[in-house]
>>> print(open('work05.cif').read())   # mmCIF, C-alpha atoms
data_query
#
loop_
_atom_site.group_PDB
_atom_site.id
_atom_site.type_symbol
_atom_site.label_atom_id
_atom_site.label_comp_id
_atom_site.auth_asym_id
_atom_site.auth_seq_id
_atom_site.Cartn_x
_atom_site.Cartn_y
_atom_site.Cartn_z
ATOM 1 C CA MET A 16 66.758 -26.318 -68.632
ATOM 2 C CA ARG A 17 66.158 -29.933 -67.639
ATOM 3 C CA LYS A 18 68.056 -32.716 -69.330
ATOM 4 C CA ILE A 19 67.620 -36.071 -67.639
ATOM 5 C CA PHE A 20 69.437 -39.323 -68.424
ATOM 6 C CA ILE A 21 67.863 -42.449 -66.922
ATOM 7 C CA ILE A 22 70.212 -45.403 -67.017
ATOM 8 C CA GLY A 23 69.819 -48.983 -65.846
ATOM 9 C CA ILE A 24 70.014 -52.559 -66.991
ATOM 10 C CA VAL A 25 67.290 -54.589 -68.706
ATOM 11 C CA ALA A 26 63.946 -54.633 -66.839
ATOM 12 C CA SER A 27 64.986 -52.080 -64.237
ATOM 13 C CA GLY A 28 61.960 -49.878 -64.995
ATOM 14 C CA LYS A 29 63.626 -47.178 -67.114
ATOM 15 C CA THR A 30 60.756 -46.763 -69.572
ATOM 16 C CA THR A 31 58.138 -46.680 -66.810
ATOM 17 C CA LEU A 32 60.073 -44.000 -64.940
ATOM 18 C CA ALA A 33 60.753 -41.996 -68.127
ATOM 19 C CA LYS A 34 57.046 -41.968 -69.037
ATOM 20 C CA ARG A 35 56.040 -40.872 -65.531
ATOM 21 C CA LEU A 36 58.664 -38.110 -65.424
ATOM 22 C CA SER A 37 57.777 -36.960 -68.918
ATOM 23 C CA GLU A 38 54.130 -36.567 -67.904
ATOM 24 C CA ALA A 39 54.944 -34.878 -64.573
ATOM 25 C CA LEU A 40 57.532 -32.461 -65.982
ATOM 26 C CA HIS A 41 56.131 -31.994 -69.510
ATOM 27 C CA ILE A 42 59.453 -32.942 -71.077
ATOM 28 C CA PRO A 43 59.718 -35.239 -74.118
ATOM 29 C CA TRP A 44 61.365 -38.610 -73.519
ATOM 30 C CA TYR A 45 63.351 -40.771 -75.897
ATOM 31 C CA GLU A 46 64.094 -44.465 -75.755
ATOM 32 C CA LEU A 47 67.739 -44.995 -76.659
ATOM 33 C CA ASP A 48 66.998 -48.459 -78.089
ATOM 34 C CA ALA A 49 64.875 -46.700 -80.745
ATOM 35 C CA ILE A 50 67.821 -44.438 -81.561
ATOM 36 C CA VAL A 51 70.226 -47.372 -81.827
ATOM 37 C CA HIS A 52 67.797 -49.573 -83.780
ATOM 38 C CA HIS A 53 66.106 -47.197 -86.210
ATOM 39 C CA GLN A 54 62.768 -48.323 -87.637
ATOM 40 C CA THR A 55 62.615 -47.835 -91.418
ATOM 41 C CA ALA A 56 60.051 -48.787 -94.052
ATOM 42 C CA THR A 57 62.048 -51.971 -94.722
ATOM 43 C CA GLY A 58 62.579 -52.950 -91.067
ATOM 44 C CA ARG A 59 64.938 -52.180 -88.221
ATOM 45 C CA ARG A 60 68.428 -50.932 -88.989
ATOM 46 C CA LYS A 61 71.193 -50.506 -86.442
ATOM 47 C CA ARG A 62 72.689 -47.036 -86.633
ATOM 48 C CA THR A 63 76.439 -46.600 -86.355
ATOM 49 C CA ALA A 64 77.818 -45.055 -83.160
ATOM 50 C CA ASP A 65 78.393 -41.771 -85.019
ATOM 51 C CA GLU A 66 74.801 -41.767 -86.324
ATOM 52 C CA GLN A 67 73.493 -42.393 -82.789
ATOM 53 C CA VAL A 68 75.455 -39.427 -81.414
ATOM 54 C CA GLU A 69 74.232 -37.261 -84.300
ATOM 55 C CA VAL A 70 70.586 -38.063 -83.463
ATOM 56 C CA ILE A 71 71.218 -37.367 -79.751
ATOM 57 C CA GLN A 72 72.864 -34.026 -80.557
ATOM 58 C CA HIS A 73 69.958 -33.060 -82.816
ATOM 59 C CA ILE A 74 67.468 -33.775 -80.011
ATOM 60 C CA ASP A 75 69.666 -31.881 -77.541
ATOM 61 C CA LYS A 76 69.516 -28.733 -79.714
ATOM 62 C CA ASN A 77 65.717 -28.693 -79.311
ATOM 63 C CA GLY A 78 65.917 -28.111 -75.542
ATOM 64 C CA GLU A 79 64.766 -30.225 -72.634
ATOM 65 C CA TRP A 80 64.731 -34.012 -72.824
ATOM 66 C CA ILE A 81 64.654 -37.305 -70.985
ATOM 67 C CA PHE A 82 66.712 -40.155 -72.444
ATOM 68 C CA GLU A 83 66.485 -43.669 -71.066
ATOM 69 C CA GLY A 84 68.572 -46.718 -71.837
ATOM 70 C CA THR A 85 71.230 -49.174 -70.825
ATOM 71 C CA ASP A 86 74.932 -48.347 -70.663
ATOM 72 C CA ARG A 87 76.415 -48.209 -74.166
ATOM 73 C CA ALA A 88 79.707 -46.613 -75.187
ATOM 74 C CA SER A 89 78.015 -44.934 -78.166
ATOM 75 C CA TYR A 90 75.941 -42.637 -76.007
ATOM 76 C CA ARG A 91 78.080 -42.048 -72.950
ATOM 77 C CA CYS A 92 78.128 -38.422 -74.107
ATOM 78 C CA LEU A 93 74.786 -38.185 -72.282
ATOM 79 C CA PHE A 94 76.592 -38.337 -68.929
ATOM 80 C CA ASP A 95 78.141 -34.951 -69.734
ATOM 81 C CA MET A 96 75.068 -33.505 -71.480
ATOM 82 C CA ALA A 97 72.588 -34.342 -68.713
ATOM 83 C CA ASP A 98 71.767 -32.034 -65.816
ATOM 84 C CA THR A 99 70.528 -35.059 -63.859
ATOM 85 C CA ILE A 100 71.505 -38.716 -64.140
ATOM 86 C CA ILE A 101 69.140 -41.238 -62.612
ATOM 87 C CA PHE A 102 70.608 -44.702 -62.075
ATOM 88 C CA LEU A 103 67.714 -47.100 -61.689
ATOM 89 C CA ASP A 104 69.341 -49.812 -59.584
ATOM 90 C CA THR A 105 66.438 -52.235 -59.227
ATOM 91 C CA PRO A 106 67.280 -55.425 -57.270
ATOM 92 C CA LEU A 107 68.501 -58.346 -59.366
ATOM 93 C CA TRP A 108 65.703 -60.701 -58.253
ATOM 94 C CA LYS A 109 63.067 -58.212 -59.384
ATOM 95 C CA ARG A 110 64.724 -57.679 -62.784
ATOM 96 C CA LYS A 111 64.894 -61.433 -63.396
ATOM 97 C CA ILE A 112 61.170 -61.791 -62.691
ATOM 98 C CA ARG A 113 60.363 -58.798 -64.909
ATOM 99 C CA ILE A 114 62.382 -60.242 -67.821
ATOM 100 C CA PHE A 115 60.373 -63.451 -67.743
ATOM 101 C CA THR A 116 57.044 -61.672 -67.169
ATOM 102 C CA ARG A 117 57.751 -59.333 -70.088
ATOM 103 C CA PHE A 118 58.605 -62.315 -72.305
ATOM 104 C CA ILE A 119 55.257 -63.967 -71.491
ATOM 105 C CA LYS A 120 53.254 -60.741 -71.993
ATOM 106 C CA GLN A 121 54.960 -60.024 -75.324
ATOM 107 C CA ASN A 122 54.278 -63.529 -76.604
ATOM 108 C CA LEU A 123 50.632 -63.263 -75.555
ATOM 109 C CA GLY A 124 50.338 -59.926 -77.362
ATOM 110 C CA LEU A 125 49.713 -58.031 -74.116
ATOM 111 C CA GLU A 126 52.861 -55.913 -74.379
ATOM 112 C CA LYS A 127 54.438 -54.475 -77.510
ATOM 113 C CA CYS A 128 58.129 -54.602 -78.294
ATOM 114 C CA GLY A 129 60.404 -53.590 -81.142
ATOM 115 C CA TYR A 130 62.133 -56.967 -81.396
ATOM 116 C CA GLN A 131 61.214 -60.637 -81.809
ATOM 117 C CA PRO A 132 60.372 -61.910 -78.292
ATOM 118 C CA ASP A 133 61.745 -65.402 -78.808
ATOM 119 C CA ARG A 134 63.813 -67.725 -76.617
ATOM 120 C CA GLU A 135 67.042 -66.275 -78.004
ATOM 121 C CA MET A 136 66.052 -62.758 -76.928
ATOM 122 C CA LEU A 137 65.050 -64.098 -73.505
ATOM 123 C CA ARG A 138 68.456 -65.774 -73.204
ATOM 124 C CA LEU A 139 70.202 -62.556 -74.249
ATOM 125 C CA MET A 140 68.333 -60.488 -71.663
ATOM 126 C CA TYR A 141 69.470 -62.814 -68.895
ATOM 127 C CA GLN A 142 72.997 -62.804 -70.360
ATOM 128 C CA TRP A 143 73.106 -58.965 -70.429
ATOM 129 C CA THR A 144 71.863 -58.919 -66.843
ATOM 130 C CA ARG A 145 74.590 -61.353 -65.749
ATOM 131 C CA GLU A 146 77.269 -59.374 -67.648
ATOM 132 C CA PHE A 147 76.097 -56.124 -66.070
ATOM 133 C CA GLU A 148 76.417 -57.609 -62.588
ATOM 134 C CA GLU A 149 79.862 -59.051 -63.418
ATOM 135 C CA ASN A 150 81.021 -55.613 -64.648
ATOM 136 C CA ARG A 151 79.135 -53.518 -62.094
ATOM 137 C CA ALA A 152 82.333 -52.173 -60.486
ATOM 138 C CA ASP A 153 83.452 -50.652 -63.803
ATOM 139 C CA PHE A 154 80.025 -49.093 -64.377
ATOM 140 C CA GLU A 155 79.892 -47.735 -60.826
ATOM 141 C CA SER A 156 83.356 -46.171 -61.254
ATOM 142 C CA ARG A 157 82.131 -44.292 -64.361
ATOM 143 C CA LEU A 158 79.064 -43.116 -62.443
ATOM 144 C CA HIS A 159 81.254 -41.894 -59.606
ATOM 145 C CA LEU A 160 82.584 -39.177 -61.938
ATOM 146 C CA TYR A 161 79.082 -37.673 -62.049
ATOM 147 C CA GLU A 162 77.931 -38.171 -58.464
ATOM 148 C CA GLU A 163 77.153 -34.451 -57.992
ATOM 149 C CA LYS A 164 74.291 -34.767 -60.488
ATOM 150 C CA MET A 165 73.307 -38.395 -59.909
ATOM 151 C CA ILE A 166 70.246 -39.843 -58.197
ATOM 152 C CA ARG A 167 70.164 -43.569 -57.412
ATOM 153 C CA LEU A 168 66.735 -45.179 -57.241
ATOM 154 C CA TYR A 169 65.875 -48.760 -56.355
ATOM 155 C CA ASP A 170 62.294 -48.588 -57.622
ATOM 156 C CA SER A 171 60.846 -46.900 -60.724
ATOM 157 C CA LYS A 172 57.777 -45.902 -58.672
ATOM 158 C CA ASP A 173 59.876 -43.693 -56.384
ATOM 159 C CA MET A 174 59.102 -40.139 -57.489
ATOM 160 C CA SER A 175 60.201 -38.421 -54.256
ATOM 161 C CA PHE A 176 62.969 -36.583 -56.120
ATOM 162 C CA ALA A 177 60.659 -35.172 -58.829
ATOM 163 C CA ALA A 178 59.988 -31.875 -57.035
ATOM 164 C CA GLN A 179 63.635 -30.877 -57.303
ATOM 165 C CA LEU A 180 63.486 -31.548 -61.053
ATOM 166 C CA ARG A 181 60.244 -29.596 -61.435
ATOM 167 C CA TYR A 182 61.756 -26.506 -59.845
ATOM 168 C CA PRO A 183 65.498 -26.764 -60.474
ATOM 169 C CA ALA A 184 67.819 -24.420 -58.605
ATOM 170 C CA LYS A 185 68.768 -21.408 -60.706
ATOM 171 C CA GLN A 186 72.366 -21.364 -61.753
ATOM 172 C CA SER A 187 74.291 -18.198 -61.136
ATOM 173 C CA ASP A 188 76.333 -16.686 -63.948
#
>>> encode(input="work05.cif", output="structure tokens")
Amino acid sequence: MRKIFIIGIVASGKTTLAKRLSEALHIPWYELDAIVHHQTATGRRKRTADEQVEVIQHIDKNGEWIFEGTDRASYRCLFDMADTIIFLDTPLWKRKIRIFTRFIKQNLGLEKCGYQPDREMLRLMYQWTREFEENRADFESRLHLYEEKMIRLYDSKDMSFAAQLRYPAKQSD
């Protein structure tokens, strides 16, 4: 069974990679932001950490999956649940350009988003990027615990590892 957790910071290419893997492997993918910020008839509502884990566990019971998102304490359970962890470690300069490009596209109506693409959100994305880089050592130390099942990519277009996910090694009993 294939259970893949794609993790990275804002604008690293997580969604692009998740979509491509989902198509190549025929596995459903889930955006963790949509699990955290649940869309209801009256608008978006932030689920509690317990509610987020409950949704993740429900999806996990259905079989194979790909989850993609940033690092959040509420869904660190995915590190243990996943067969493969993909850390999308896109260079900082590229992420900064993508944040601004995304902001422009969203405001022109060329790219959809589940939030208000205003200057405050743009500021927050750059702030989250800066905070990630400042706390990278802590994040990397958590990843180190899972290095036997981790793949580090520097570009979301790199699919060279996909063959090993398509035909995973059989586990012995």
>>> residues_around(input="work05.cif", residues="Arg113 of chain A", least_positions_apart="4", cutoff="9 Å", atoms="all atoms listed in the file", output="NGL selection string")
:A and (25-27 or 108-109 or 117-118)
>>> resolve_selection(input="work05.cif", expression="the PyMOL selection byres ((chain A and resi 137) around 12)", output="PyMOL selection string")
chain A and resi 25-26+111-119+121-122+130-136+138-144
>>> write_last_selection(input="work05.cif", atoms="C-alpha atoms", output="PDB file, keeping the file's coordinate frame")
ATOM      1  CA  VAL A  25      67.290 -54.589 -68.706  1.00  0.00           C
ATOM      2  CA  ALA A  26      63.946 -54.633 -66.839  1.00  0.00           C
ATOM      3  CA  LYS A 111      64.894 -61.433 -63.396  1.00  0.00           C
ATOM      4  CA  ILE A 112      61.170 -61.791 -62.691  1.00  0.00           C
ATOM      5  CA  ARG A 113      60.363 -58.798 -64.909  1.00  0.00           C
ATOM      6  CA  ILE A 114      62.382 -60.242 -67.821  1.00  0.00           C
ATOM      7  CA  PHE A 115      60.373 -63.451 -67.743  1.00  0.00           C
ATOM      8  CA  THR A 116      57.044 -61.672 -67.169  1.00  0.00           C
ATOM      9  CA  ARG A 117      57.751 -59.333 -70.088  1.00  0.00           C
ATOM     10  CA  PHE A 118      58.605 -62.315 -72.305  1.00  0.00           C
ATOM     11  CA  ILE A 119      55.257 -63.967 -71.491  1.00  0.00           C
ATOM     12  CA  GLN A 121      54.960 -60.024 -75.324  1.00  0.00           C
ATOM     13  CA  ASN A 122      54.278 -63.529 -76.604  1.00  0.00           C
ATOM     14  CA  TYR A 130      62.133 -56.967 -81.396  1.00  0.00           C
ATOM     15  CA  GLN A 131      61.214 -60.637 -81.809  1.00  0.00           C
ATOM     16  CA  PRO A 132      60.372 -61.910 -78.292  1.00  0.00           C
ATOM     17  CA  ASP A 133      61.745 -65.402 -78.808  1.00  0.00           C
ATOM     18  CA  ARG A 134      63.813 -67.725 -76.617  1.00  0.00           C
ATOM     19  CA  GLU A 135      67.042 -66.275 -78.004  1.00  0.00           C
ATOM     20  CA  MET A 136      66.052 -62.758 -76.928  1.00  0.00           C
ATOM     21  CA  ARG A 138      68.456 -65.774 -73.204  1.00  0.00           C
ATOM     22  CA  LEU A 139      70.202 -62.556 -74.249  1.00  0.00           C
ATOM     23  CA  MET A 140      68.333 -60.488 -71.663  1.00  0.00           C
ATOM     24  CA  TYR A 141      69.470 -62.814 -68.895  1.00  0.00           C
ATOM     25  CA  GLN A 142      72.997 -62.804 -70.360  1.00  0.00           C
ATOM     26  CA  TRP A 143      73.106 -58.965 -70.429  1.00  0.00           C
ATOM     27  CA  THR A 144      71.863 -58.919 -66.843  1.00  0.00           C
TER      28      THR A 144
END
>>> resolve_selection(input="work05.cif", expression="the PyMOL selection byres ((chain A and resi 154) around 12)", output="list in words")
Ile22, Gly23, Ile24, Thr85, Asp86, Arg87, Ala88, Arg91, Phe102, Asp104, Glu146, Phe147, Glu148, Glu149, Asn150, Arg151, Ala152, Asp153, Glu155, Ser156, Arg157, Leu158, His159, Leu160 and Tyr161 of chain A
>>> atom_distance(input="work05.cif", atom1="atom CA of Leu93 of chain A", atom2="atom CA of Arg35 of chain A")
20.1 Å
>>> resolve_selection(input="work05.cif", expression="the PyMOL selection byres ((chain A and resi 68) around 12)", output="list in words")
Leu47, Ile50, Val51, Arg62, Thr63, Ala64, Asp65, Glu66, Gln67, Glu69, Val70, Ile71, Gln72, His73, Ile74, Asp75, Arg87, Ala88, Ser89, Tyr90, Arg91, Cys92, Leu93 and Met96 of chain A
>>> atom_distance(input="work05.cif", atom1="atom CA of Leu168 of chain A", atom2="atom CA of His52 of chain A")
26.9 Å
>>> closest_residue(input="work05.cif", among="A:Ala39, A:Ile19, A:Leu103, A:Leu32", to="Glu79 of chain A", atoms="only C-alpha atoms")
A:Ile19
>>> closest_residue(input="work05.cif", among="A:Arg145, A:Ala49, A:Ser171, A:Lys164", to="Gly129 of chain A", atoms="all atoms listed in the file")
A:Ala49
>>> axis_aligned_box(input="work05.cif", around="segment 83-91 of chain A", padding_each_side="8 Å", output="AutoDock Vina command-line options")
--center_x 73.1 --center_y -45.6 --center_z -74.4 --size_x 29.2 --size_y 23.1 --size_z 23.5
>>> residues_around(input="work05.cif", residues="Glu46 of chain A", least_positions_apart="4", cutoff="8 Å", atoms="only C-alpha atoms", output="VMD selection string")
chain A and resid 30 50 82 to 84
>>> atom_distance(input="work05.cif", atom1="atom CA of Ile166 of chain A", atom2="atom CA of Lys127 of chain A")
28.9 Å
>>> closest_residue(input="work05.cif", among="A:Ala56, A:Ile21, A:Ile81, A:Cys128", to="Pro43 of chain A", atoms="only C-alpha atoms")
A:Ile81
>>> residues_around(input="work05.cif", residues="Glu163 of chain A", least_positions_apart="5", cutoff="12 Å", atoms="all atoms listed in the file", output="ChimeraX atom specification")
/A:94-95,97-101,158
>>> decode(input="work05.cif", residues="segment 34-154 of chain A", atoms="C-alpha atoms", output="PDB file, in the first residue's frame")
ATOM      1  CA  LYS A  34      -1.233  16.213  -8.663  1.00  0.00           C
ATOM      2  CA  ARG A  35       1.449  14.682 -10.893  1.00  0.00           C
ATOM      3  CA  LEU A  36       2.024  11.749  -8.529  1.00  0.00           C
ATOM      4  CA  SER A  37      -1.695  11.203  -8.100  1.00  0.00           C
ATOM      5  CA  GLU A  38      -2.129  10.935 -11.872  1.00  0.00           C
ATOM      6  CA  ALA A  39       0.943   8.712 -12.352  1.00  0.00           C
ATOM      7  CA  LEU A  40       0.168   6.346  -9.465  1.00  0.00           C
ATOM      8  CA  HIS A  41      -3.653   6.517  -9.493  1.00  0.00           C
ATOM      9  CA  ILE A  42      -3.751   7.440  -5.814  1.00  0.00           C
ATOM     10  CA  PRO A  43      -6.070  10.140  -4.426  1.00  0.00           C
ATOM     11  CA  TRP A  44      -4.372  13.251  -3.060  1.00  0.00           C
ATOM     12  CA  TYR A  45      -5.491  15.590  -0.312  1.00  0.00           C
ATOM     13  CA  GLU A  46      -4.482  19.155   0.383  1.00  0.00           C
ATOM     14  CA  LEU A  47      -3.926  19.542   4.115  1.00  0.00           C
ATOM     15  CA  ASP A  48      -4.928  23.226   3.996  1.00  0.00           C
ATOM     16  CA  ALA A  49      -8.419  22.047   2.959  1.00  0.00           C
ATOM     17  CA  ILE A  50      -8.495  19.719   5.967  1.00  0.00           C
ATOM     18  CA  VAL A  51      -7.395  22.474   8.346  1.00  0.00           C
ATOM     19  CA  HIS A  52      -9.691  25.116   6.828  1.00  0.00           C
ATOM     20  CA  HIS A  53     -12.923  23.262   6.102  1.00  0.00           C
ATOM     21  CA  GLN A  54     -15.238  24.833   3.529  1.00  0.00           C
ATOM     22  CA  THR A  55     -18.849  24.929   4.756  1.00  0.00           C
ATOM     23  CA  ALA A  56     -22.027  26.452   3.341  1.00  0.00           C
ATOM     24  CA  THR A  57     -21.401  29.543   5.492  1.00  0.00           C
ATOM     25  CA  GLY A  58     -17.689  29.922   4.671  1.00  0.00           C
ATOM     26  CA  ARG A  59     -14.359  28.562   5.821  1.00  0.00           C
ATOM     27  CA  ARG A  60     -14.028  27.188   9.332  1.00  0.00           C
ATOM     28  CA  LYS A  61     -10.772  26.182  10.974  1.00  0.00           C
ATOM     29  CA  ARG A  62     -10.991  22.677  12.384  1.00  0.00           C
ATOM     30  CA  THR A  63      -9.471  21.927  15.769  1.00  0.00           C
ATOM     31  CA  ALA A  64      -6.299  19.824  15.868  1.00  0.00           C
ATOM     32  CA  ASP A  65      -8.349  16.822  17.030  1.00  0.00           C
ATOM     33  CA  GLU A  66     -10.830  17.280  14.160  1.00  0.00           C
ATOM     34  CA  GLN A  67      -7.942  17.465  11.665  1.00  0.00           C
ATOM     35  CA  VAL A  68      -6.472  14.189  12.948  1.00  0.00           C
ATOM     36  CA  GLU A  69      -9.921  12.577  12.825  1.00  0.00           C
ATOM     37  CA  VAL A  70     -10.318  13.513   9.138  1.00  0.00           C
ATOM     38  CA  ILE A  71      -6.795  12.224   8.365  1.00  0.00           C
ATOM     39  CA  GLN A  72      -7.505   8.929  10.141  1.00  0.00           C
ATOM     40  CA  HIS A  73     -10.779   8.530   8.242  1.00  0.00           C
ATOM     41  CA  ILE A  74      -8.969   9.000   4.913  1.00  0.00           C
ATOM     42  CA  ASP A  75      -6.230   6.601   6.033  1.00  0.00           C
ATOM     43  CA  LYS A  76      -8.804   3.833   6.637  1.00  0.00           C
ATOM     44  CA  ASN A  77      -9.794   4.016   2.952  1.00  0.00           C
ATOM     45  CA  GLY A  78      -6.355   2.863   1.758  1.00  0.00           C
ATOM     46  CA  GLU A  79      -3.740   4.598  -0.341  1.00  0.00           C
ATOM     47  CA  TRP A  80      -3.298   8.364  -0.247  1.00  0.00           C
ATOM     48  CA  ILE A  81      -1.087  11.342  -0.939  1.00  0.00           C
ATOM     49  CA  PHE A  82      -1.220  14.216   1.552  1.00  0.00           C
ATOM     50  CA  GLU A  83       0.550  17.491   0.892  1.00  0.00           C
ATOM     51  CA  GLY A  84       1.091  20.458   3.162  1.00  0.00           C
ATOM     52  CA  THR A  85       3.378  22.531   5.305  1.00  0.00           C
ATOM     53  CA  ASP A  86       4.709  21.416   8.682  1.00  0.00           C
ATOM     54  CA  ARG A  87       1.995  21.693  11.336  1.00  0.00           C
ATOM     55  CA  ALA A  88       1.964  20.028  14.749  1.00  0.00           C
ATOM     56  CA  SER A  89      -1.658  18.944  14.232  1.00  0.00           C
ATOM     57  CA  TYR A  90      -0.794  16.510  11.481  1.00  0.00           C
ATOM     58  CA  ARG A  91       2.682  15.313  12.352  1.00  0.00           C
ATOM     59  CA  CYS A  92       1.032  11.908  12.762  1.00  0.00           C
ATOM     60  CA  LEU A  93       1.479  11.650   8.983  1.00  0.00           C
ATOM     61  CA  PHE A  94       5.231  11.164   9.447  1.00  0.00           C
ATOM     62  CA  ASP A  95       4.481   7.831  11.132  1.00  0.00           C
ATOM     63  CA  MET A  96       1.539   6.894   8.883  1.00  0.00           C
ATOM     64  CA  ALA A  97       3.338   7.490   5.579  1.00  0.00           C
ATOM     65  CA  ASP A  98       5.325   4.843   3.726  1.00  0.00           C
ATOM     66  CA  THR A  99       7.185   7.625   1.906  1.00  0.00           C
ATOM     67  CA  ILE A 100       7.884  11.200   2.973  1.00  0.00           C
ATOM     68  CA  ILE A 101       8.864  13.634   0.252  1.00  0.00           C
ATOM     69  CA  PHE A 102      10.458  16.860   1.476  1.00  0.00           C
ATOM     70  CA  LEU A 103      10.179  19.381  -1.324  1.00  0.00           C
ATOM     71  CA  ASP A 104      13.146  21.620  -0.534  1.00  0.00           C
ATOM     72  CA  THR A 105      12.841  24.172  -3.331  1.00  0.00           C
ATOM     73  CA  PRO A 106      15.471  26.961  -3.211  1.00  0.00           C
ATOM     74  CA  LEU A 107      14.465  30.064  -1.267  1.00  0.00           C
ATOM     75  CA  TRP A 108      14.882  32.428  -4.243  1.00  0.00           C
ATOM     76  CA  LYS A 109      12.489  30.338  -6.324  1.00  0.00           C
ATOM     77  CA  ARG A 110       9.865  30.198  -3.552  1.00  0.00           C
ATOM     78  CA  LYS A 111       9.987  33.978  -3.114  1.00  0.00           C
ATOM     79  CA  ILE A 112       9.368  34.503  -6.833  1.00  0.00           C
ATOM     80  CA  ARG A 113       6.543  31.944  -6.823  1.00  0.00           C
ATOM     81  CA  ILE A 114       4.825  33.652  -3.861  1.00  0.00           C
ATOM     82  CA  PHE A 115       4.714  36.954  -5.712  1.00  0.00           C
ATOM     83  CA  THR A 116       3.760  35.361  -9.048  1.00  0.00           C
ATOM     84  CA  ARG A 117       0.938  33.439  -7.363  1.00  0.00           C
ATOM     85  CA  PHE A 118      -0.299  36.646  -5.716  1.00  0.00           C
ATOM     86  CA  ILE A 119      -0.470  38.403  -9.106  1.00  0.00           C
ATOM     87  CA  LYS A 120      -2.181  35.446 -10.837  1.00  0.00           C
ATOM     88  CA  GLN A 121      -4.755  35.110  -8.047  1.00  0.00           C
ATOM     89  CA  ASN A 122      -5.593  38.808  -8.163  1.00  0.00           C
ATOM     90  CA  LEU A 123      -5.972  38.660 -11.945  1.00  0.00           C
ATOM     91  CA  GLY A 124      -8.293  35.661 -11.612  1.00  0.00           C
ATOM     92  CA  LEU A 125      -5.847  33.354 -13.403  1.00  0.00           C
ATOM     93  CA  GLU A 126      -5.318  31.072 -10.407  1.00  0.00           C
ATOM     94  CA  LYS A 127      -7.873  30.005  -7.821  1.00  0.00           C
ATOM     95  CA  CYS A 128      -7.257  29.973  -4.096  1.00  0.00           C
ATOM     96  CA  GLY A 129      -9.233  29.232  -0.956  1.00  0.00           C
ATOM     97  CA  TYR A 130      -8.289  32.471   0.797  1.00  0.00           C
ATOM     98  CA  GLN A 131      -8.385  36.219   0.147  1.00  0.00           C
ATOM     99  CA  PRO A 132      -5.241  37.011  -1.898  1.00  0.00           C
ATOM    100  CA  ASP A 133      -4.645  40.429  -0.380  1.00  0.00           C
ATOM    101  CA  ARG A 134      -1.508  42.238   0.784  1.00  0.00           C
ATOM    102  CA  GLU A 135      -1.873  40.776   4.274  1.00  0.00           C
ATOM    103  CA  MET A 136      -1.821  37.221   2.909  1.00  0.00           C
ATOM    104  CA  LEU A 137       1.192  38.106   0.750  1.00  0.00           C
ATOM    105  CA  ARG A 138       2.962  39.460   3.837  1.00  0.00           C
ATOM    106  CA  LEU A 139       2.088  36.314   5.795  1.00  0.00           C
ATOM    107  CA  MET A 140       3.455  34.027   3.082  1.00  0.00           C
ATOM    108  CA  TYR A 141       6.792  35.822   3.169  1.00  0.00           C
ATOM    109  CA  GLN A 142       6.701  35.769   6.987  1.00  0.00           C
ATOM    110  CA  TRP A 143       6.038  31.986   7.056  1.00  0.00           C
ATOM    111  CA  THR A 144       8.885  31.497   4.593  1.00  0.00           C
ATOM    112  CA  ARG A 145      11.267  33.531   6.771  1.00  0.00           C
ATOM    113  CA  GLU A 146      10.148  31.665   9.928  1.00  0.00           C
ATOM    114  CA  PHE A 147      10.640  28.311   8.213  1.00  0.00           C
ATOM    115  CA  GLU A 148      14.202  29.231   7.266  1.00  0.00           C
ATOM    116  CA  GLU A 149      14.907  30.521  10.798  1.00  0.00           C
ATOM    117  CA  ASN A 150      13.618  27.229  12.274  1.00  0.00           C
ATOM    118  CA  ARG A 151      14.946  24.922   9.557  1.00  0.00           C
ATOM    119  CA  ALA A 152      17.340  23.118  11.929  1.00  0.00           C
ATOM    120  CA  ASP A 153      14.437  22.031  14.156  1.00  0.00           C
ATOM    121  CA  PHE A 154      12.428  20.834  11.149  1.00  0.00           C
TER     122      PHE A 154
END
